[in-house]
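Raw contents of start-v3.tsv, TSV, N, CA and C atoms:
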```
chain	number	residue	atom	x	y	z
A	240	MET	N	-34.52	61.90	-151.09
A	240	MET	CA	-33.46	62.05	-150.13
A	240	MET	C	-32.12	62.26	-150.82
A	241	ILE	N	-31.93	61.62	-151.98
A	241	ILE	CA	-30.65	61.73	-152.66
A	241	ILE	C	-30.37	63.17	-153.08
A	242	GLU	N	-31.41	63.89	-153.47
A	242	GLU	CA	-31.21	65.29	-153.87
A	242	GLU	C	-30.75	66.12	-152.68
A	243	LEU	N	-31.33	65.86	-151.52
A	243	LEU	CA	-30.92	66.57	-150.30
A	243	LEU	C	-29.46	66.26	-149.97
A	244	ILE	N	-29.08	65.01	-150.08
A	244	ILE	CA	-27.70	64.62	-149.78
A	244	ILE	C	-26.74	65.26	-150.78
A	245	LYS	N	-27.13	65.33	-152.04
A	245	LYS	CA	-26.27	66.00	-153.05
A	245	LYS	C	-26.07	67.46	-152.68
A	246	GLU	N	-27.14	68.12	-152.24
A	246	GLU	CA	-27.03	69.52	-151.81
A	246	GLU	C	-26.10	69.67	-150.61
A	247	ILE	N	-26.22	68.75	-149.66
A	247	ILE	CA	-25.37	68.79	-148.47
A	247	ILE	C	-23.91	68.63	-148.86
A	248	ILE	N	-23.63	67.67	-149.74
A	248	ILE	CA	-22.25	67.42	-150.18
A	248	ILE	C	-21.68	68.67	-150.82
A	249	GLU	N	-22.45	69.31	-151.68
A	249	GLU	CA	-21.99	70.51	-152.37
A	249	GLU	C	-21.82	71.68	-151.40
A	250	GLN	N	-22.82	71.89	-150.57
A	250	GLN	CA	-22.82	73.03	-149.64
A	250	GLN	C	-21.68	72.95	-148.63
A	251	ASP	N	-21.45	71.75	-148.08
A	251	ASP	CA	-20.44	71.60	-147.04
A	251	ASP	C	-19.07	71.20	-147.58
A	252	GLY	N	-18.94	71.07	-148.88
A	252	GLY	CA	-17.65	70.75	-149.48
A	252	GLY	C	-17.14	69.37	-149.11
A	253	LEU	N	-18.03	68.41	-149.02
A	253	LEU	CA	-17.63	67.06	-148.59
A	253	LEU	C	-16.97	66.26	-149.69
A	254	ALA	N	-17.04	66.72	-150.93
A	254	ALA	CA	-16.41	66.01	-152.04
A	254	ALA	C	-14.95	66.43	-152.25
A	255	GLN	N	-14.53	67.52	-151.59
A	255	GLN	CA	-13.14	67.95	-151.71
A	255	GLN	C	-12.26	67.21	-150.71
A	256	LYS	N	-10.99	67.10	-151.05
A	256	LYS	CA	-10.06	66.46	-150.12
A	256	LYS	C	-9.92	67.33	-148.88
A	257	ASN	N	-10.15	66.72	-147.74
A	257	ASN	CA	-10.08	67.45	-146.48
A	257	ASN	C	-9.97	66.43	-145.36
A	258	ARG	N	-9.04	66.62	-144.46
A	258	ARG	CA	-8.83	65.67	-143.36
A	258	ARG	C	-9.31	66.19	-142.01
A	259	LYS	N	-10.07	67.26	-142.02
A	259	LYS	CA	-10.61	67.77	-140.75
A	259	LYS	C	-11.57	66.73	-140.19
A	260	VAL	N	-11.49	66.53	-138.89
A	260	VAL	CA	-12.30	65.51	-138.23
A	260	VAL	C	-13.79	65.75	-138.46
A	261	GLU	N	-14.20	66.98	-138.38
A	261	GLU	CA	-15.62	67.30	-138.57
A	261	GLU	C	-16.11	66.87	-139.95
A	262	ILE	N	-15.32	67.14	-140.97
A	262	ILE	CA	-15.67	66.77	-142.34
A	262	ILE	C	-15.69	65.25	-142.50
A	263	ILE	N	-14.70	64.59	-141.95
A	263	ILE	CA	-14.63	63.12	-142.03
A	263	ILE	C	-15.85	62.50	-141.38
A	264	HIS	N	-16.24	62.98	-140.21
A	264	HIS	CA	-17.41	62.45	-139.52
A	264	HIS	C	-18.67	62.62	-140.36
A	265	LYS	N	-18.82	63.79	-140.95
A	265	LYS	CA	-20.01	64.05	-141.77
A	265	LYS	C	-20.03	63.15	-143.00
A	266	ARG	N	-18.87	62.97	-143.62
A	266	ARG	CA	-18.78	62.11	-144.80
A	266	ARG	C	-19.17	60.67	-144.48
A	267	VAL	N	-18.55	60.12	-143.43
A	267	VAL	CA	-18.82	58.70	-143.13
A	267	VAL	C	-20.27	58.49	-142.70
A	268	TYR	N	-20.85	59.49	-142.06
A	268	TYR	CA	-22.27	59.39	-141.70
A	268	TYR	C	-23.12	59.30	-142.98
A	269	LEU	N	-22.81	60.13	-143.95
A	269	LEU	CA	-23.56	60.09	-145.21
A	269	LEU	C	-23.28	58.81	-146.00
A	270	PHE	N	-22.03	58.32	-145.95
A	270	PHE	CA	-21.71	57.04	-146.59
A	270	PHE	C	-22.66	55.97	-146.05
A	271	ASN	N	-22.77	55.90	-144.73
A	271	ASN	CA	-23.58	54.88	-144.08
A	271	ASN	C	-25.06	55.06	-144.42
A	272	THR	N	-25.53	56.29	-144.43
A	272	THR	CA	-26.93	56.56	-144.76
A	272	THR	C	-27.26	56.09	-146.17
A	273	LEU	N	-26.38	56.41	-147.11
A	273	LEU	CA	-26.60	55.99	-148.49
A	273	LEU	C	-26.53	54.47	-148.64
A	274	ARG	N	-25.60	53.86	-147.94
A	274	ARG	CA	-25.45	52.40	-148.02
A	274	ARG	C	-26.71	51.71	-147.49
A	275	LYS	N	-27.27	52.25	-146.42
A	275	LYS	CA	-28.52	51.69	-145.87
A	275	LYS	C	-29.68	51.84	-146.85
A	276	GLN	N	-29.61	52.83	-147.70
A	276	GLN	CA	-30.65	53.05	-148.70
A	276	GLN	C	-30.48	52.12	-149.91
A	277	GLY	N	-29.40	51.34	-149.92
A	277	GLY	CA	-29.20	50.36	-150.98
A	277	GLY	C	-28.25	50.80	-152.09
A	278	TYR	N	-27.56	51.92	-151.90
A	278	TYR	CA	-26.61	52.39	-152.91
A	278	TYR	C	-25.34	51.55	-152.87
A	279	THR	N	-24.75	51.34	-154.03
A	279	THR	CA	-23.51	50.56	-154.11
A	279	THR	C	-22.33	51.45	-153.70
A	280	LEU	N	-21.21	50.81	-153.41
A	280	LEU	CA	-19.99	51.55	-153.07
A	280	LEU	C	-19.59	52.46	-154.22
A	281	LYS	N	-19.75	51.96	-155.43
A	281	LYS	CA	-19.39	52.75	-156.61
A	281	LYS	C	-20.28	53.98	-156.75
A	282	ASN	N	-21.59	53.81	-156.52
A	282	ASN	CA	-22.53	54.94	-156.62
A	282	ASN	C	-22.22	56.00	-155.56
A	283	ILE	N	-21.95	55.55	-154.35
A	283	ILE	CA	-21.62	56.49	-153.28
A	283	ILE	C	-20.33	57.21	-153.62
A	284	GLY	N	-19.35	56.46	-154.10
A	284	GLY	CA	-18.07	57.04	-154.49
A	284	GLY	C	-18.21	58.10	-155.57
A	285	SER	N	-19.10	57.89	-156.51
A	285	SER	CA	-19.27	58.88	-157.57
A	285	SER	C	-19.88	60.18	-157.03
A	286	LEU	N	-20.71	60.11	-156.01
A	286	LEU	CA	-21.27	61.32	-155.40
A	286	LEU	C	-20.19	62.16	-154.73
A	287	PHE	N	-19.23	61.46	-154.10
A	287	PHE	CA	-18.18	62.14	-153.34
A	287	PHE	C	-16.87	62.28	-154.13
A	288	ARG	N	-16.88	61.79	-155.38
A	288	ARG	CA	-15.67	61.77	-156.22
A	288	ARG	C	-14.53	61.00	-155.54
A	289	MET	N	-14.87	59.81	-155.06
A	289	MET	CA	-13.91	58.94	-154.38
A	289	MET	C	-14.08	57.53	-154.94
A	290	ASN	N	-13.07	56.69	-154.71
A	290	ASN	CA	-13.20	55.32	-155.19
A	290	ASN	C	-13.91	54.45	-154.15
A	291	HIS	N	-14.30	53.25	-154.58
A	291	HIS	CA	-15.07	52.37	-153.71
A	291	HIS	C	-14.30	51.95	-152.46
A	292	ALA	N	-12.98	51.84	-152.56
A	292	ALA	CA	-12.17	51.43	-151.40
A	292	ALA	C	-12.21	52.50	-150.30
A	293	THR	N	-12.23	53.76	-150.69
A	293	THR	CA	-12.32	54.85	-149.73
A	293	THR	C	-13.67	54.81	-149.03
A	294	ILE	N	-14.71	54.51	-149.77
A	294	ILE	CA	-16.05	54.42	-149.18
A	294	ILE	C	-16.10	53.26	-148.20
A	295	LEU	N	-15.54	52.13	-148.57
A	295	LEU	CA	-15.51	50.96	-147.69
A	295	LEU	C	-14.76	51.28	-146.40
A	296	HIS	N	-13.63	51.94	-146.52
A	296	HIS	CA	-12.86	52.35	-145.34
A	296	HIS	C	-13.68	53.29	-144.46
A	297	GLY	N	-14.39	54.23	-145.07
A	297	GLY	CA	-15.23	55.15	-144.33
A	297	GLY	C	-16.36	54.44	-143.60
A	298	LEU	N	-16.95	53.42	-144.23
A	298	LEU	CA	-18.00	52.66	-143.58
A	298	LEU	C	-17.48	51.90	-142.36
A	299	LYS	N	-16.26	51.40	-142.44
A	299	LYS	CA	-15.64	50.74	-141.29
A	299	LYS	C	-15.38	51.76	-140.17
A	300	ASN	N	-14.94	52.94	-140.55
A	300	ASN	CA	-14.73	54.00	-139.55
A	300	ASN	C	-16.06	54.38	-138.89
A	301	TYR	N	-17.11	54.48	-139.69
A	301	TYR	CA	-18.43	54.80	-139.14
A	301	TYR	C	-18.83	53.77	-138.10
A	302	GLN	N	-18.67	52.51	-138.44
A	302	GLN	CA	-19.05	51.43	-137.53
A	302	GLN	C	-18.29	51.55	-136.21
A	303	ASN	N	-17.01	51.82	-136.28
A	303	ASN	CA	-16.18	51.96	-135.09
A	303	ASN	C	-16.64	53.17	-134.25
A	304	LEU	N	-16.86	54.29	-134.90
A	304	LEU	CA	-17.28	55.50	-134.19
A	304	LEU	C	-18.66	55.33	-133.56
A	305	ASP	N	-19.54	54.64	-134.25
A	305	ASP	CA	-20.90	54.43	-133.75
A	305	ASP	C	-20.90	53.45	-132.57
A	306	GLU	N	-20.11	52.38	-132.68
A	306	GLU	CA	-20.05	51.38	-131.61
A	306	GLU	C	-19.46	51.94	-130.33
A	307	THR	N	-18.48	52.82	-130.46
A	307	THR	CA	-17.83	53.38	-129.26
A	307	THR	C	-18.56	54.61	-128.72
A	308	LYS	N	-19.65	54.99	-129.39
A	308	LYS	CA	-20.45	56.16	-128.96
A	308	LYS	C	-19.57	57.40	-128.81
A	309	ASN	N	-18.73	57.63	-129.80
A	309	ASN	CA	-17.82	58.76	-129.81
A	309	ASN	C	-18.60	60.07	-129.72
A	310	LYS	N	-18.35	60.84	-128.67
A	310	LYS	CA	-19.11	62.08	-128.41
A	310	LYS	C	-18.90	63.12	-129.51
A	311	LEU	N	-17.68	63.27	-129.98
A	311	LEU	CA	-17.39	64.24	-131.02
A	311	LEU	C	-18.12	63.85	-132.32
A	312	PHE	N	-18.11	62.56	-132.62
A	312	PHE	CA	-18.82	62.07	-133.80
A	312	PHE	C	-20.32	62.36	-133.69
A	313	GLN	N	-20.88	62.08	-132.54
A	313	GLN	CA	-22.31	62.33	-132.33
A	313	GLN	C	-22.63	63.81	-132.48
A	314	HIS	N	-21.76	64.65	-131.95
A	314	HIS	CA	-21.97	66.09	-132.05
A	314	HIS	C	-21.87	66.57	-133.51
A	315	ASN	N	-20.86	66.08	-134.22
A	315	ASN	CA	-20.63	66.51	-135.60
A	315	ASN	C	-21.72	66.06	-136.57
A	316	THR	N	-22.41	64.96	-136.25
A	316	THR	CA	-23.42	64.43	-137.17
A	316	THR	C	-24.86	64.71	-136.70
A	317	GLU	N	-25.01	65.35	-135.59
A	317	GLU	CA	-26.34	65.61	-135.02
A	317	GLU	C	-27.26	66.36	-136.00
A	318	TYR	N	-26.73	67.39	-136.63
A	318	TYR	CA	-27.52	68.20	-137.57
A	318	TYR	C	-27.98	67.36	-138.76
A	319	TYR	N	-27.08	66.53	-139.29
A	319	TYR	CA	-27.44	65.69	-140.43
A	319	TYR	C	-28.52	64.68	-140.05
A	320	LYS	N	-28.41	64.11	-138.86
A	320	LYS	CA	-29.43	63.15	-138.40
A	320	LYS	C	-30.80	63.81	-138.37
A	321	LEU	N	-30.87	65.01	-137.84
A	321	LEU	CA	-32.13	65.73	-137.77
A	321	LEU	C	-32.63	66.07	-139.16
A	322	LEU	N	-31.77	66.59	-139.99
A	322	LEU	CA	-32.14	67.00	-141.34
A	322	LEU	C	-32.65	65.82	-142.17
A	323	LEU	N	-31.97	64.70	-142.11
A	323	LEU	CA	-32.36	63.54	-142.90
A	323	LEU	C	-33.57	62.81	-142.32
A	324	SER	N	-33.78	62.91	-141.02
A	324	SER	CA	-34.96	62.27	-140.43
A	324	SER	C	-36.23	63.00	-140.83
A	325	LEU	N	-36.14	64.31	-141.06
A	325	LEU	CA	-37.29	65.08	-141.50
A	325	LEU	C	-37.65	64.77	-142.94
A	326	GLU	N	-36.68	64.32	-143.72
A	326	GLU	CA	-36.85	64.09	-145.15
A	326	GLU	C	-37.41	62.70	-145.46
A	327	ARG	N	-37.38	61.79	-144.51
A	327	ARG	CA	-37.70	60.39	-144.77
A	327	ARG	C	-39.17	60.21	-145.20
A	328	PRO	N	-39.40	59.76	-146.42
A	328	PRO	CA	-40.77	59.54	-146.90
A	328	PRO	C	-41.30	58.18	-146.44
A	329	GLU	N	-42.59	58.03	-146.51
A	329	GLU	CA	-43.20	56.74	-146.23
A	329	GLU	C	-42.91	55.82	-147.41
A	330	LEU	N	-42.44	54.63	-147.14
A	330	LEU	CA	-42.14	53.68	-148.19
A	330	LEU	C	-43.21	52.60	-148.22
A	331	ASP	N	-43.65	52.24	-149.42
A	331	ASP	CA	-44.67	51.21	-149.60
A	331	ASP	C	-44.01	50.01	-150.26
A	332	LEU	N	-43.86	48.94	-149.49
A	332	LEU	CA	-43.16	47.76	-149.97
A	332	LEU	C	-43.83	47.16	-151.21
A	333	ARG	N	-45.14	47.01	-151.18
A	333	ARG	CA	-45.85	46.41	-152.32
A	333	ARG	C	-45.65	47.24	-153.58
A	334	LYS	N	-45.76	48.55	-153.44
A	334	LYS	CA	-45.61	49.44	-154.59
A	334	LYS	C	-44.20	49.33	-155.17
A	335	GLU	N	-43.20	49.31	-154.30
A	335	GLU	CA	-41.81	49.22	-154.78
A	335	GLU	C	-41.54	47.90	-155.48
A	336	ILE	N	-42.10	46.82	-154.97
A	336	ILE	CA	-41.90	45.51	-155.60
A	336	ILE	C	-42.55	45.51	-156.99
A	337	LYS	N	-43.76	46.07	-157.09
A	337	LYS	CA	-44.44	46.12	-158.38
A	337	LYS	C	-43.67	46.97	-159.39
A	338	GLU	N	-43.01	48.03	-158.91
A	338	GLU	CA	-42.30	48.94	-159.81
A	338	GLU	C	-40.87	48.50	-160.10
A	339	ALA	N	-40.38	47.47	-159.40
A	339	ALA	CA	-39.02	46.99	-159.63
A	339	ALA	C	-38.90	46.45	-161.06
A	340	ARG	N	-37.86	46.90	-161.75
A	340	ARG	CA	-37.69	46.52	-163.15
A	340	ARG	C	-36.53	45.55	-163.38
A	341	ASN	N	-35.64	45.44	-162.39
A	341	ASN	CA	-34.49	44.57	-162.58
A	341	ASN	C	-33.97	44.10	-161.22
A	342	LEU	N	-32.92	43.30	-161.27
A	342	LEU	CA	-32.35	42.74	-160.05
A	342	LEU	C	-31.78	43.82	-159.14
A	343	LYS	N	-31.24	44.88	-159.73
A	343	LYS	CA	-30.69	45.99	-158.94
A	343	LYS	C	-31.79	46.63	-158.08
A	344	ASP	N	-32.96	46.84	-158.65
A	344	ASP	CA	-34.08	47.40	-157.89
A	344	ASP	C	-34.49	46.48	-156.74
A	345	LEU	N	-34.50	45.18	-157.02
A	345	LEU	CA	-34.87	44.22	-155.97
A	345	LEU	C	-33.83	44.19	-154.85
A	346	ARG	N	-32.56	44.36	-155.20
A	346	ARG	CA	-31.51	44.40	-154.17
A	346	ARG	C	-31.65	45.64	-153.29
A	347	LYS	N	-32.06	46.77	-153.88
A	347	LYS	CA	-32.30	47.97	-153.10
A	347	LYS	C	-33.44	47.73	-152.10
A	348	ILE	N	-34.49	47.07	-152.58
A	348	ILE	CA	-35.62	46.75	-151.70
A	348	ILE	C	-35.16	45.82	-150.58
A	349	GLN	N	-34.35	44.84	-150.93
A	349	GLN	CA	-33.83	43.90	-149.94
A	349	GLN	C	-33.00	44.63	-148.88
A	350	ALA	N	-32.17	45.58	-149.30
A	350	ALA	CA	-31.36	46.34	-148.35
A	350	ALA	C	-32.25	47.19	-147.44
A	351	ARG	N	-33.31	47.75	-148.00
A	351	ARG	CA	-34.22	48.57	-147.19
A	351	ARG	C	-34.96	47.72	-146.16
A	352	ILE	N	-35.34	46.50	-146.55
A	352	ILE	CA	-36.00	45.60	-145.61
A	352	ILE	C	-35.03	45.24	-144.48
A	353	LYS	N	-33.80	44.94	-144.86
A	353	LYS	CA	-32.76	44.58	-143.88
A	353	LYS	C	-32.54	45.71	-142.87
A	354	ASN	N	-32.67	46.96	-143.32
A	354	ASN	CA	-32.44	48.12	-142.45
A	354	ASN	C	-33.73	48.68	-141.85
A	355	ASN	N	-34.80	47.88	-141.88
A	355	ASN	CA	-36.08	48.25	-141.26
A	355	ASN	C	-36.63	49.59	-141.74
A	356	LEU	N	-36.57	49.84	-143.03
A	356	LEU	CA	-37.08	51.10	-143.57
A	356	LEU	C	-38.52	50.98	-144.05
A	357	PHE	N	-39.10	49.78	-144.01
A	357	PHE	CA	-40.51	49.61	-144.39
A	357	PHE	C	-41.34	49.45	-143.16
```
Would you write out, as structure tokens, the structure that this file holds?
Amino acid sequence: MIELIKEIIEQDGLAQKNRKVEIIHKRVYLFNTLRKQGYTLKNIGSLFRMNHATILHGLKNYQNLDETKNKLFQHNTEYYKLLLSLERPELDLRKEIKEARNLKDLRKIQARIKNNLF
């Protein structure tokens, strides 16, 4: 999934400075998707060439837009939702636990469990 997200970022120019609402909506949607996958704020920031505080602010904006069921936000992120839902692989909890090599890997697994990805 990360390779697909990297392609999306590059193709849609989401790493460049831009304040258009459509771009902001797409960015924060991807911030949230990556965070649910267990990525750190720093890792997400490096993909978008932004600092961790910007990512944190974007995640708060995502939460607000999602809670209020903002129609424009839903429209702007509809394509990404479809695209990323087609990409979702089957995850095997036992296999991932066996392959975990450090605490960081276990935290990713913990985040995935929390977000009902298994």
Residues of stretch 293-338 of chain A within 8 Å of stretch 273-286 of chain A: nearest atom pair and distance (Å, one decimal) for each, counting all atoms listed in the file, sorted by chain and number, as CSV?
```
residue,atom,partner,partner_atom,distance
A:Thr293,C,A:Gly284,CA,7.4
A:Ile294,CA,A:Leu280,CA,6.2
A:Leu295,N,A:Leu280,CA,6.4
```
Could you make a table, as a Markdown table, of the residues of stretch 246-286 of chain A that have an atom within 10 Å of an atom of stretch 309-321 of chain A, each with its nearest atom pair and distance in Å to one decimal, counting only C-alpha atoms, in chain and number order?
```
| residue | atom | partner | partner_atom | distance |
| --- | --- | --- | --- | --- |
| A:Ile247 | CA | A:Tyr319 | CA | 8.9 |
| A:Val260 | CA | A:Phe312 | CA | 8.6 |
| A:Glu261 | CA | A:Asn315 | CA | 5.9 |
| A:Ile262 | CA | A:Asn315 | CA | 8.4 |
| A:Ile263 | CA | A:Phe312 | CA | 9.3 |
| A:His264 | CA | A:Phe312 | CA | 5.9 |
| A:Lys265 | CA | A:Thr316 | CA | 5.7 |
| A:Arg266 | CA | A:Thr316 | CA | 9.2 |
| A:Val267 | CA | A:Thr316 | CA | 9.5 |
| A:Tyr268 | CA | A:Thr316 | CA | 6.9 |
| A:Leu269 | CA | A:Tyr319 | CA | 8.3 |
| A:Thr272 | CA | A:Lys320 | CA | 9.5 |
```
message = Can you pull out every residue from stretch 254-330 of chain A that DSSP, working from the backbone, puts in alpha helix (DSSP H), and format the result as number ranges by chain?
response = A: 260-275, 280-287, 291-306, 310-326
key: One-decimal distance in Å that lies between atom CA of A:Arg333 and atom CA of A:Ile352   =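 About the pair atom CA of A:Ile352 and atom CA of A:Arg333: they are 11.9 Å apart.
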